[in-house]
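Asks: I am sharing input.txt, which consists of compact mmCIF, C-alpha atoms and all ligand atoms:
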```
# COMPACT_ATOMS: atom_id res chain seq x y z
CA MET A 22 17.36 209.39 7.97
CA LEU A 23 17.79 211.26 11.15
CA ILE A 24 16.81 208.25 13.25
CA PHE A 25 19.14 205.98 11.36
CA SER A 26 22.03 208.34 11.83
CA LEU A 27 21.51 208.55 15.59
CA THR A 28 21.31 204.81 15.93
CA PHE A 29 24.48 204.39 13.95
CA CYS A 30 26.43 206.81 16.09
CA SER A 31 25.25 205.22 19.27
CA LYS A 32 26.14 201.76 18.08
CA ASP A 33 29.56 202.93 16.97
CA LYS A 34 30.23 204.39 20.43
CA ASP A 35 29.20 201.20 22.20
CA LYS A 36 31.54 199.20 20.06
CA SER A 37 34.58 201.31 20.90
CA THR A 38 33.86 201.12 24.67
CA ASP A 39 35.40 197.64 24.68
CA ASN A 40 38.76 199.20 23.84
CA ASP A 41 38.57 202.08 26.33
CA PRO A 42 41.25 202.12 29.03
CA SER A 43 39.85 201.28 32.48
CA ASN A 44 40.66 200.26 36.07
CA LEU A 45 43.42 202.84 36.53
CA THR A 46 45.37 202.55 39.78
CA LEU A 47 47.89 205.08 41.09
CA GLU A 48 50.22 204.35 44.01
CA ILE A 49 52.86 206.64 45.49
CA MET A 50 55.44 203.97 46.36
CA SER A 51 57.80 206.41 48.10
CA ALA A 52 58.46 210.14 48.48
CA ASN A 53 61.88 211.01 49.85
CA PRO A 54 62.00 214.55 51.29
CA GLU A 55 65.79 214.51 51.34
CA THR A 56 66.34 213.74 47.66
CA GLY A 57 62.98 214.90 46.31
CA ILE A 58 62.61 211.55 44.48
CA VAL A 59 59.04 210.27 44.17
CA ILE A 60 58.34 206.72 42.93
CA ILE A 61 54.96 206.16 41.26
CA GLN A 62 53.38 202.92 40.04
CA SER A 63 50.26 202.86 37.86
CA THR A 64 48.33 200.05 36.24
CA ALA A 65 45.33 200.02 33.89
CA VAL A 66 43.47 197.81 31.44
CA ASN A 67 43.44 198.39 27.63
CA THR A 68 46.32 200.82 27.92
CA ILE A 69 49.18 201.32 25.48
CA GLN A 70 50.82 204.29 27.18
CA TYR A 71 51.07 206.03 30.56
CA GLN A 72 51.70 209.75 30.95
CA LEU A 73 52.88 211.43 34.14
CA PHE A 74 51.91 215.03 34.89
CA ALA A 75 53.92 215.92 38.02
CA SER A 76 55.00 219.53 37.57
CA GLY A 77 51.67 221.18 36.85
CA SER A 78 52.67 221.67 33.21
CA SER A 79 50.05 221.08 30.49
CA GLU A 80 52.47 218.65 28.82
CA ALA A 81 53.39 215.26 30.23
CA ASP A 82 56.62 215.23 32.22
CA LEU A 83 57.29 211.53 31.58
CA ILE A 84 55.79 208.99 29.16
CA ASN A 85 56.22 205.20 29.06
CA GLU A 86 54.45 201.87 28.57
CA THR A 87 55.07 200.43 32.07
CA GLY A 88 53.31 202.92 34.35
CA PHE A 89 56.39 202.97 36.61
CA PHE A 90 57.77 206.48 37.13
CA GLU A 91 60.59 208.10 39.06
CA TYR A 92 60.24 211.87 39.26
CA THR A 93 62.46 214.33 41.15
CA TYR A 94 61.19 217.52 42.77
CA ASN A 95 63.75 220.26 43.38
CA SER A 96 62.08 221.82 46.40
CA PRO A 97 59.84 220.72 49.30
CA GLY A 98 56.13 221.24 49.11
CA THR A 99 52.76 219.65 48.46
CA TYR A 100 52.33 218.49 44.87
CA THR A 101 49.59 216.87 42.81
CA VAL A 102 50.70 213.95 40.69
CA GLU A 103 48.43 212.93 37.79
CA VAL A 104 48.72 209.80 35.66
CA ARG A 105 46.85 209.33 32.37
CA ALA A 106 46.34 205.89 30.87
CA ILE A 107 46.02 206.11 27.08
CA GLY A 108 44.04 203.42 25.22
CA SER A 109 44.71 202.13 21.72
CA ASN A 110 41.65 204.05 20.57
CA GLY A 111 43.26 207.32 21.71
CA LYS A 112 40.93 207.80 24.66
CA TYR A 113 42.40 208.29 28.12
CA ILE A 114 41.43 208.10 31.78
CA LYS A 115 43.24 209.90 34.59
CA LYS A 116 43.84 209.73 38.30
CA SER A 117 45.67 212.06 40.68
CA LYS A 118 47.16 211.95 44.18
CA GLN A 119 48.86 214.38 46.50
CA VAL A 120 52.55 214.03 47.34
CA VAL A 121 53.97 215.76 50.39
CA LEU A 122 57.69 216.50 50.65
CA ALA A 123 58.15 218.06 54.08
CA ASP A 124 60.53 220.94 54.34
CA ASN A 125 62.95 219.88 57.06
CA SER A 126 62.19 216.22 57.69
CA GLY A 127 65.42 215.20 55.98
CA VAL A 128 67.58 216.56 58.82
CA PRO A 129 69.06 213.60 60.76
CA LEU A 130 68.41 213.35 64.50
CA ASP A 131 72.11 213.37 65.38
CA MET A 132 72.74 216.67 63.57
CA GLY A 133 73.18 219.59 65.94
CA TYR A 134 73.57 220.27 69.63
CA THR A 135 72.71 217.80 72.37
CA THR A 136 72.68 217.79 76.18
CA PRO A 137 73.31 215.05 78.79
CA LEU A 138 70.83 212.96 80.75
CA GLN A 139 72.38 214.02 84.04
CA TYR A 140 73.85 217.13 85.64
CA ASP A 141 75.81 217.45 88.87
CA GLY A 142 73.50 218.42 91.72
CA TYR A 143 70.35 217.68 89.74
CA GLN A 144 68.23 214.63 89.24
CA LEU A 145 66.02 213.81 86.28
CA VAL A 146 62.43 213.96 87.58
CA TRP A 147 60.44 213.70 84.36
CA ASN A 148 61.23 213.13 80.68
CA ASP A 149 59.83 211.98 77.40
CA GLU A 150 62.38 210.74 74.86
CA PHE A 151 59.65 210.08 72.25
CA THR A 152 60.68 206.50 71.61
CA GLY A 153 58.29 203.73 70.58
CA SER A 154 55.47 204.04 68.09
CA SER A 155 52.84 206.19 69.79
CA ILE A 156 52.54 209.37 71.84
CA ASN A 157 52.38 208.59 75.57
CA THR A 158 48.95 209.81 76.70
CA SER A 159 50.02 209.45 80.34
CA ASN A 160 52.24 212.45 79.61
CA TRP A 161 50.37 214.42 76.95
CA THR A 162 46.88 215.72 76.15
CA PHE A 163 45.96 217.22 72.77
CA ASP A 164 44.15 220.52 72.45
CA ILE A 165 41.69 220.11 69.56
CA GLY A 166 40.22 222.85 67.33
CA ASN A 167 40.77 226.58 67.10
CA GLY A 168 39.81 227.50 70.66
CA CYS A 169 36.20 228.36 69.75
CA PRO A 170 33.80 229.14 71.23
CA GLY A 171 35.67 230.17 74.40
CA ILE A 172 38.87 231.64 73.00
CA CYS A 173 38.71 231.62 69.18
CA GLY A 174 42.11 231.76 67.48
CA TRP A 175 43.54 230.82 70.89
CA GLY A 176 43.49 234.51 71.85
CA ASN A 177 46.04 235.34 69.13
CA ASN A 178 43.90 235.30 65.96
CA GLU A 179 45.65 232.04 64.95
CA LEU A 180 44.40 230.36 61.76
CA GLU A 181 45.03 226.67 62.46
CA TYR A 182 42.72 223.89 63.59
CA TYR A 183 44.58 221.58 65.96
CA ARG A 184 44.23 217.83 65.40
CA SER A 185 45.93 214.86 67.05
CA GLU A 186 46.50 213.47 63.52
CA ASN A 187 49.17 216.15 62.98
CA ALA A 188 51.51 214.68 65.63
CA TRP A 189 53.28 211.33 65.71
CA ILE A 190 56.38 209.52 66.92
CA LYS A 191 58.77 207.83 64.52
CA ASP A 192 62.52 207.10 64.66
CA ASP A 193 62.80 208.30 68.30
CA TYR A 194 61.40 211.79 67.86
CA LEU A 195 58.07 213.59 67.97
CA THR A 196 56.83 215.39 64.86
CA ILE A 197 54.24 218.18 64.93
CA GLU A 198 53.21 219.07 61.39
CA ALA A 199 51.51 222.26 60.21
CA ARG A 200 49.63 221.65 56.96
CA SER A 201 47.86 223.77 54.41
CA GLU A 202 44.63 221.77 54.31
CA VAL A 203 41.00 222.75 54.72
CA TYR A 204 39.46 221.15 57.78
CA SER A 205 36.31 222.05 59.68
CA GLY A 206 36.20 225.49 58.06
CA TYR A 207 39.86 226.34 58.68
CA ALA A 208 42.61 226.61 56.04
CA TYR A 209 45.41 225.03 58.10
CA THR A 210 45.85 222.14 60.52
CA SER A 211 48.53 221.53 63.13
CA ALA A 212 48.93 220.03 66.61
CA LYS A 213 49.21 221.27 70.18
CA MET A 214 49.93 218.99 73.14
CA HIS A 215 50.44 219.66 76.82
CA THR A 216 51.02 218.07 80.22
CA LYS A 217 48.21 219.87 82.11
CA ASN A 218 46.89 217.68 84.96
CA LYS A 219 49.54 215.08 84.06
CA PHE A 220 52.84 216.74 84.94
CA SER A 221 53.86 220.10 86.35
CA PHE A 222 56.88 221.36 88.26
CA GLN A 223 58.26 224.31 90.22
CA TYR A 224 61.97 225.21 89.86
CA GLY A 225 64.53 223.14 88.03
CA ARG A 226 66.06 222.76 84.60
CA LEU A 227 64.02 222.10 81.45
CA ASP A 228 65.79 220.89 78.28
CA ILE A 229 63.95 220.55 74.96
CA ARG A 230 65.92 219.39 71.90
CA ALA A 231 64.15 220.38 68.71
CA LEU A 232 64.41 221.03 65.00
CA LEU A 233 62.22 224.03 64.20
CA PRO A 234 60.05 224.82 61.19
CA LYS A 235 60.38 228.03 59.19
CA GLY A 236 58.55 230.50 56.99
CA GLN A 237 56.16 233.44 57.07
CA GLY A 238 53.24 232.82 59.41
CA ILE A 239 54.80 229.77 61.10
CA TRP A 240 54.97 230.05 64.90
CA PRO A 241 56.45 227.10 66.81
CA ALA A 242 56.36 227.36 70.60
CA LEU A 243 57.75 225.44 73.58
CA TRP A 244 56.19 227.05 76.63
CA MET A 245 54.53 226.72 80.04
CA LEU A 246 51.45 227.93 81.90
CA GLY A 247 50.75 228.10 85.64
CA ASP A 248 48.76 225.32 87.29
CA ASN A 249 46.25 227.81 88.72
CA ILE A 250 45.13 229.28 85.36
CA ASN A 251 41.59 227.93 85.79
CA SER A 252 41.16 229.40 89.28
CA ILE A 253 42.75 232.85 88.96
CA GLY A 254 43.07 233.31 85.15
CA TRP A 255 45.82 234.50 82.81
CA PRO A 256 48.08 236.49 83.17
CA SER A 257 47.91 236.24 86.99
CA SER A 258 48.64 232.54 86.64
CA GLY A 259 51.80 233.34 84.65
CA GLU A 260 53.36 232.18 81.39
CA ILE A 261 56.94 231.17 80.64
CA ASP A 262 57.82 230.98 76.94
CA VAL A 263 60.95 228.84 76.73
CA MET A 264 61.19 229.14 72.94
CA GLU A 265 59.12 230.89 70.30
CA LEU A 266 60.11 231.43 66.69
CA ILE A 267 58.31 233.79 64.35
CA GLY A 268 59.14 232.43 60.91
CA GLY A 269 59.59 234.45 57.74
CA GLY A 270 63.00 234.74 56.14
CA ASN A 271 66.24 236.34 57.20
CA GLY A 272 66.13 237.94 60.64
CA LYS A 273 63.21 235.71 61.69
CA ASP A 274 63.94 232.06 60.88
CA ASN A 275 67.26 232.44 62.73
CA VAL A 276 65.88 234.09 65.91
CA VAL A 277 64.29 232.48 68.97
CA HIS A 278 62.55 234.38 71.76
CA GLY A 279 62.25 233.71 75.50
CA THR A 280 59.55 235.63 77.36
CA ILE A 281 57.59 235.80 80.64
CA HIS A 282 54.05 237.07 81.02
CA TYR A 283 52.59 238.03 84.39
CA ASN A 284 50.24 240.43 86.14
CA ASN A 285 51.50 243.75 87.45
CA ASN A 286 48.41 245.97 87.48
CA GLY A 287 47.56 244.35 84.16
CA HIS A 288 49.39 242.19 81.62
CA ALA A 289 53.15 242.68 81.79
CA TYR A 290 55.84 240.86 79.86
CA HIS A 291 59.51 240.99 78.94
CA GLY A 292 62.08 238.73 77.36
CA GLY A 293 65.11 238.27 75.18
CA ALA A 294 66.16 236.69 71.91
CA TYR A 295 69.00 234.60 70.52
CA THR A 296 70.12 234.98 66.90
CA LEU A 297 72.17 232.24 65.24
CA THR A 298 75.50 233.43 63.86
CA SER A 299 74.88 231.40 60.71
CA GLY A 300 72.04 229.36 59.25
CA ILE A 301 68.51 228.96 60.56
CA TYR A 302 66.82 226.81 63.21
CA ALA A 303 65.27 224.56 60.55
CA GLN A 304 68.69 223.24 59.53
CA SER A 305 69.76 221.33 62.63
CA TYR A 306 68.67 220.37 66.14
CA HIS A 307 69.18 222.80 69.01
CA VAL A 308 68.54 222.54 72.75
CA PHE A 309 66.31 225.17 74.34
CA SER A 310 66.73 225.29 78.12
CA LEU A 311 65.24 227.09 81.06
CA ILE A 312 66.96 227.13 84.45
CA TRP A 313 64.57 228.29 87.14
CA ASP A 314 65.27 228.86 90.83
CA GLU A 315 63.88 231.02 93.62
CA GLN A 316 65.65 234.15 92.30
CA TYR A 317 65.87 233.87 88.50
CA LEU A 318 64.56 232.45 85.29
CA ARG A 319 67.38 231.96 82.78
CA TRP A 320 67.01 231.09 79.08
CA TYR A 321 69.68 229.15 77.17
CA MET A 322 70.16 228.20 73.53
CA ASP A 323 72.65 225.34 73.21
CA ASP A 324 73.81 226.10 76.78
CA GLN A 325 74.46 229.76 75.98
CA LEU A 326 72.66 232.12 78.35
CA PHE A 327 70.71 234.75 76.43
CA TYR A 328 68.24 236.19 78.90
CA GLU A 329 67.55 236.26 82.61
CA ALA A 330 64.63 237.59 84.59
CA ALA A 331 64.70 238.28 88.33
CA ILE A 332 61.50 236.93 89.87
CA THR A 333 61.78 238.07 93.49
CA ALA A 334 59.57 241.17 93.11
CA SER A 335 56.38 241.07 95.16
CA PHE A 336 54.24 241.24 92.00
CA MET A 337 55.88 238.10 90.58
CA THR A 338 54.30 235.50 92.82
CA GLU A 339 53.16 233.70 89.65
CA PHE A 340 56.70 232.40 89.14
CA HIS A 341 56.75 230.58 92.48
CA GLN A 342 54.30 227.81 91.72
CA LYS A 343 54.00 224.81 89.43
CA TYR A 344 53.87 225.04 85.63
CA TRP A 345 52.88 222.55 82.91
CA ILE A 346 54.54 222.17 79.50
CA ILE A 347 53.05 222.93 76.05
CA LEU A 348 54.39 222.04 72.56
CA ASN A 349 52.71 223.45 69.43
CA VAL A 350 53.12 224.95 65.97
CA ALA A 351 50.67 227.78 65.34
CA VAL A 352 49.88 229.15 61.88
CA GLY A 353 49.20 232.88 61.52
CA GLY A 354 48.15 235.25 64.27
CA TYR A 355 48.80 238.77 65.47
CA TRP A 356 52.53 238.32 66.11
CA PRO A 357 53.72 236.35 63.03
CA GLY A 358 51.08 237.58 60.57
CA ASN A 359 49.58 235.17 58.07
CA PRO A 360 51.34 232.74 55.70
CA ASP A 361 51.91 234.07 52.19
CA GLN A 362 53.11 232.82 48.79
CA SER A 363 56.59 232.26 50.19
CA THR A 364 55.44 229.86 52.93
CA VAL A 365 56.13 226.21 52.15
CA PHE A 366 53.79 223.57 53.59
CA PRO A 367 53.94 221.26 55.35
CA GLN A 368 56.22 222.53 58.10
CA GLN A 369 57.43 220.27 60.87
CA MET A 370 58.74 220.78 64.38
CA CYS A 371 60.68 217.65 65.40
CA ILE A 372 61.37 217.12 69.11
CA ASP A 373 63.98 214.62 70.29
CA TYR A 374 63.29 214.96 74.03
CA VAL A 375 61.71 216.99 76.83
CA ARG A 376 63.56 216.62 80.17
CA VAL A 377 62.97 218.15 83.58
CA PHE A 378 65.71 218.09 86.22
CA GLN A 379 65.44 219.32 89.80
CA LYS A 380 68.06 220.05 92.43
CA GLU A 381 68.86 217.12 94.65
CA SER A 382 67.72 217.73 98.20
CA LYS A 383 70.59 217.79 100.64
CA CA B 401 64.28 211.01 71.25
```
Output the file's structure as structure tokens, nothing else.

Replies:
Amino acid sequence: MLIFSLTFCSKDKDKSTDNDPSNLTLEIMSANPETGIVIIQSTAVNTIQYQLFASGSSEADLINETGFFEYTYNSPGTYTVEVRAIGSNGKYIKKSKQVVLADNSGVPLDMGYTTPLQYDGYQLVWNDEFTGSSINTSNWTFDIGNGCPGICGWGNNELEYYRSENAWIKDDYLTIEARSEVYSGYAYTSAKMHTKNKFSFQYGRLDIRALLPKGQGIWPALWMLGDNINSIGWPSSGEIDVMELIGGGNGKDNVVHGTIHYNNNGHAYHGGAYTLTSGIYAQSYHVFSLIWDEQYLRWYMDDQLFYEAAITASFMTEFHQKYWIILNVAVGGYWPGNPDQSTVFPQQMCIDYVRVFQKESK
């Protein structure tokens, strides 16, 4: 009796397998960060109904017989979309995929301040307008990793692992994206690129037009280091921070900092900040400029001077030599602190151009 019963059950199960749903596919056809609309197409065999779980709720958000879904998210973020294909026998199979709606990628390139390609008395000596389809490796080198083993956390206890995959060019601008994703033992990835051994300059005007990311623990930076860092070391080689933002709500997402670091019987630094009168730097493009001559370094936000540093002192020789340019978005670290529940990922820094002008020789 026992044997018979087991055989019966097994046979019954085999029979129903023919009607089980199978071969489920799930494609994210589009995900528009501006509108929050995500288009999903699913197909499966032996299926009478498709159910979409997009919000994380235990109940289906949408149900139909076509497998074609349009779902709208109300805020940016990284979401998991799950589709279940229900068979006529009541059994179901499921598949899920991640959808990323970046925070500020909906801001158009022509929104915000812009600067000209020429200035009286200056000539354009180097620029990258980030056109075309790939990052110009004649201009830029990627730093990869977290700085280990030499300088873990890049000297700042930063949490990200830098990858070249987190930077790309599309629609005439460069994007550097900080993601919450586990990679090589780190909880976040981002990108850092620089012109070391490819381009450096001494004195002139630097313009960088950028849309900045935001949020607790997010630390975008447009900055420069002295050419002689490998021979004499930091801070004697100098550092010029053209723009740094320490994200994290009101009073932070609307403030940029300009700073110099140098050696004066040890590490010395000073700088200034510019606070927007309304809104935050993630809402439109701004131009961050440095004008550098034999006497001064001057920092501008949208052509408004907000800090100047005299560099004629005898202990400031580091500011009378060539510097190379660095673009990155750090995550966490001593200055910004770590991301928290309020931080939305991914975060993007979008850069329209980097231009260096120098005075015309007379
Ligand atoms: Ca551009």

Asks: Measure the distance from CA of Phe378 in chain A to CA of Gln139 in chain A in Å and round it to one decimal.

Replies: 8.1 Å

Asks: Step by step, measure atom-to-atom distances between ligand CA 401 (chain B) and each residue using all atoms listed in the file, keep those at most 6 Å, then write them as a PDB file with C-alpha atoms, keeping the file's coordinate frame.

Replies:
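Ended up saving to pocket_31.pdb:
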```pdb
ATOM      1  CA  GLU A 150      62.380 210.740  74.860  1.00  0.00           C
ATOM      2  CA  PHE A 151      59.650 210.080  72.250  1.00  0.00           C
ATOM      3  CA  THR A 152      60.680 206.500  71.610  1.00  0.00           C
ATOM      4  CA  ASP A 193      62.800 208.300  68.300  1.00  0.00           C
ATOM      5  CA  TYR A 194      61.400 211.790  67.860  1.00  0.00           C
ATOM      6  CA  ASP A 373      63.980 214.620  70.290  1.00  0.00           C
ATOM      7  CA  TYR A 374      63.290 214.960  74.030  1.00  0.00           C
TER       8      TYR A 374
END
```

Asks: Go ahead and find all residues with at least one atom no further than 12 Å from (55.6, 239.4, 94.4) in the file's coordinates, using all atoms listed in the file; report them as an mmCIF file with C-alpha atoms, in the frame of the given file.

Replies:
```
data_model
loop_
_atom_site.group_PDB
_atom_site.id
_atom_site.type_symbol
_atom_site.label_atom_id
_atom_site.label_comp_id
_atom_site.auth_asym_id
_atom_site.auth_seq_id
_atom_site.Cartn_x
_atom_site.Cartn_y
_atom_site.Cartn_z
ATOM 1 C CA SER A 257 47.910 236.240 86.990
ATOM 2 C CA TYR A 283 52.590 238.030 84.390
ATOM 3 C CA ASN A 284 50.240 240.430 86.140
ATOM 4 C CA ASN A 285 51.500 243.750 87.450
ATOM 5 C CA ASN A 286 48.410 245.970 87.480
ATOM 6 C CA GLU A 315 63.880 231.020 93.620
ATOM 7 C CA GLN A 316 65.650 234.150 92.300
ATOM 8 C CA ALA A 331 64.700 238.280 88.330
ATOM 9 C CA ILE A 332 61.500 236.930 89.870
ATOM 10 C CA THR A 333 61.780 238.070 93.490
ATOM 11 C CA ALA A 334 59.570 241.170 93.110
ATOM 12 C CA SER A 335 56.380 241.070 95.160
ATOM 13 C CA PHE A 336 54.240 241.240 92.000
ATOM 14 C CA MET A 337 55.880 238.100 90.580
ATOM 15 C CA THR A 338 54.300 235.500 92.820
ATOM 16 C CA GLU A 339 53.160 233.700 89.650
ATOM 17 C CA PHE A 340 56.700 232.400 89.140
ATOM 18 C CA HIS A 341 56.750 230.580 92.480
ATOM 19 C CA GLN A 342 54.300 227.810 91.720
#
```

Asks: Mind giving me the straight-line distance from CA of Gly57 in chain A to CA of Ala303 in chain A in Å, one decimal?

Replies: 17.4 Å

Asks: Would you work out the distance separating CA of Ala81 in chain A from CA of Ala106 in chain A, expressed in Å to one decimal?

Replies: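 Separation of CA of Ala81 in chain A and CA of Ala106 in chain A: 11.7 Å.
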
Asks: Show me, as AutoDock Vina command-line options, the centre and edge lengths in Å to one decimal of the axis-aligned box that covers every listed atom of range 35-54 of chain A with 6 Å on each side.

Replies:
```
--center_x 45.6 --center_y 206.1 --center_z 35.7 --size_x 44.8 --size_y 28.9 --size_z 43.2
```

Asks: Neighbouring residues of range 355-359 of chain A were defined as those with any atom within 6 Å, considering only C-alpha atoms; residues of the same chain fewer than 3 positions away were excluded. Please report them as a PyMOL selection string.

Replies: chain A and resi 177+238+267

Asks: Any idea what's packed within 10 Å of Leu232 in chain A, counting all atoms listed in the file, ignoring anything in its chain fewer than 6 positions away? Could you give it as a list in words?

Replies: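 Contacts, in chain order: Asn125, Ser126, Val128, Pro129, Leu130, Met132, Gly133, Thr196, Ile301, Tyr302, Ala303, Gln304, Ser305, Tyr306, His307, Val308, Gln369, Met370, Cys371, Ile372 and Asp373 of chain A.
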
Asks: Which is closer to Trp313 in chain A than all the others in A:Gly108, A:Gly225, A:Gly153, A:Gly254, using all atoms listed in the file?

Replies: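 The closest residue to Trp313 in chain A is A:Gly225.
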
Asks: With only C-alpha atoms as the atoms that count, which of A:Leu122, A:Ile261, A:Val102, A:Cys173 lies nearest to Ile58 in chain A?

Replies: A:Leu122

Asks: Which is closer to Val375 in chain A than all the others in A:Glu48, A:Asp228, A:Asp248, A:Glu329, using all atoms listed in the file?

Replies: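 Of A:Glu48, A:Asp228, A:Asp248, A:Glu329, the one nearest Val375 in chain A, counting all atoms listed in the file, is A:Asp228.
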
Asks: Between A:Asn249, A:Ser43, A:Ser76, A:Ser221, which residue has the minimum interatomic distance to Val146 in chain A, considering all atoms listed in the file?

Replies: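 Using all atoms listed in the file, the shortest distance to Val146 in chain A belongs to A:Ser221.
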
Asks: Looking at A:Leu73, A:Met214, A:Leu83, A:Val66, which one is nearest to Asn160 in chain A, with distances taken over all atoms listed in the file?

Replies: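 For Asn160 in chain A, the nearest of the candidates is A:Met214.
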
Asks: Mind checking which residues fall within 8 Å of Leu227 in chain A, counting all atoms listed in the file, ignoring those fewer than 3 positions away in the same chain, and posting them as a list in words?

Replies: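 Within the cut-off, the hits are Ser310, Leu311, Ile312, Val375, Arg376, Val377 and Phe378 of chain A.
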
Asks: Quick one: residues within 9 Å of Ser63 in chain A, all atoms listed in the file, excluding same-chain residues fewer than 5 positions away - as JSON, numbers by chain?

Replies: {"A": [45, 46, 47, 48, 49, 71, 87, 88, 89, 90, 104, 106]}

Asks: Of the candidates A:Thr68, A:Thr136, A:Gln368, A:Thr93, which one gets nearest to Ser51 in chain A if we count all atoms listed in the file?

Replies: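 For Ser51 in chain A, the nearest of the candidates is A:Thr93.
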
Asks: If you count all atoms listed in the file, which residues fall within 12 Å of Ser382 in chain A, apart from same-chain ones fewer than 2 positions away, as a ChimeraX atom specification?

Replies: /A:142-144,225,379-380

Asks: Taking a cut-off of 12 Å and counting only C-alpha atoms, can you build a table that, for each residue of range 35-125 of chain A near range 201-212 of chain A, reports the nearest atom pair and how far apart they are in Å (one decimal), sorted by chain then residue number, as a Markdown table?

Replies:
```
| residue | atom | partner | partner_atom | distance |
| --- | --- | --- | --- | --- |
| A:Gly98 | CA | A:Ser201 | CA | 10.1 |
| A:Thr99 | CA | A:Ser201 | CA | 8.7 |
| A:Tyr100 | CA | A:Ser201 | CA | 11.8 |
| A:Gln119 | CA | A:Glu202 | CA | 11.6 |
| A:Val121 | CA | A:Ser201 | CA | 10.8 |
| A:Ala123 | CA | A:Ser201 | CA | 11.8 |
```

Asks: How about saving the chosen residues, C-alpha atoms kept, as an mmCIF file, keeping the file's coordinate frame?

Replies:
```
data_model
loop_
_atom_site.group_PDB
_atom_site.id
_atom_site.type_symbol
_atom_site.label_atom_id
_atom_site.label_comp_id
_atom_site.auth_asym_id
_atom_site.auth_seq_id
_atom_site.Cartn_x
_atom_site.Cartn_y
_atom_site.Cartn_z
ATOM 1 C CA GLY A 98 56.130 221.240 49.110
ATOM 2 C CA THR A 99 52.760 219.650 48.460
ATOM 3 C CA TYR A 100 52.330 218.490 44.870
ATOM 4 C CA GLN A 119 48.860 214.380 46.500
ATOM 5 C CA VAL A 121 53.970 215.760 50.390
ATOM 6 C CA ALA A 123 58.150 218.060 54.080
#
```
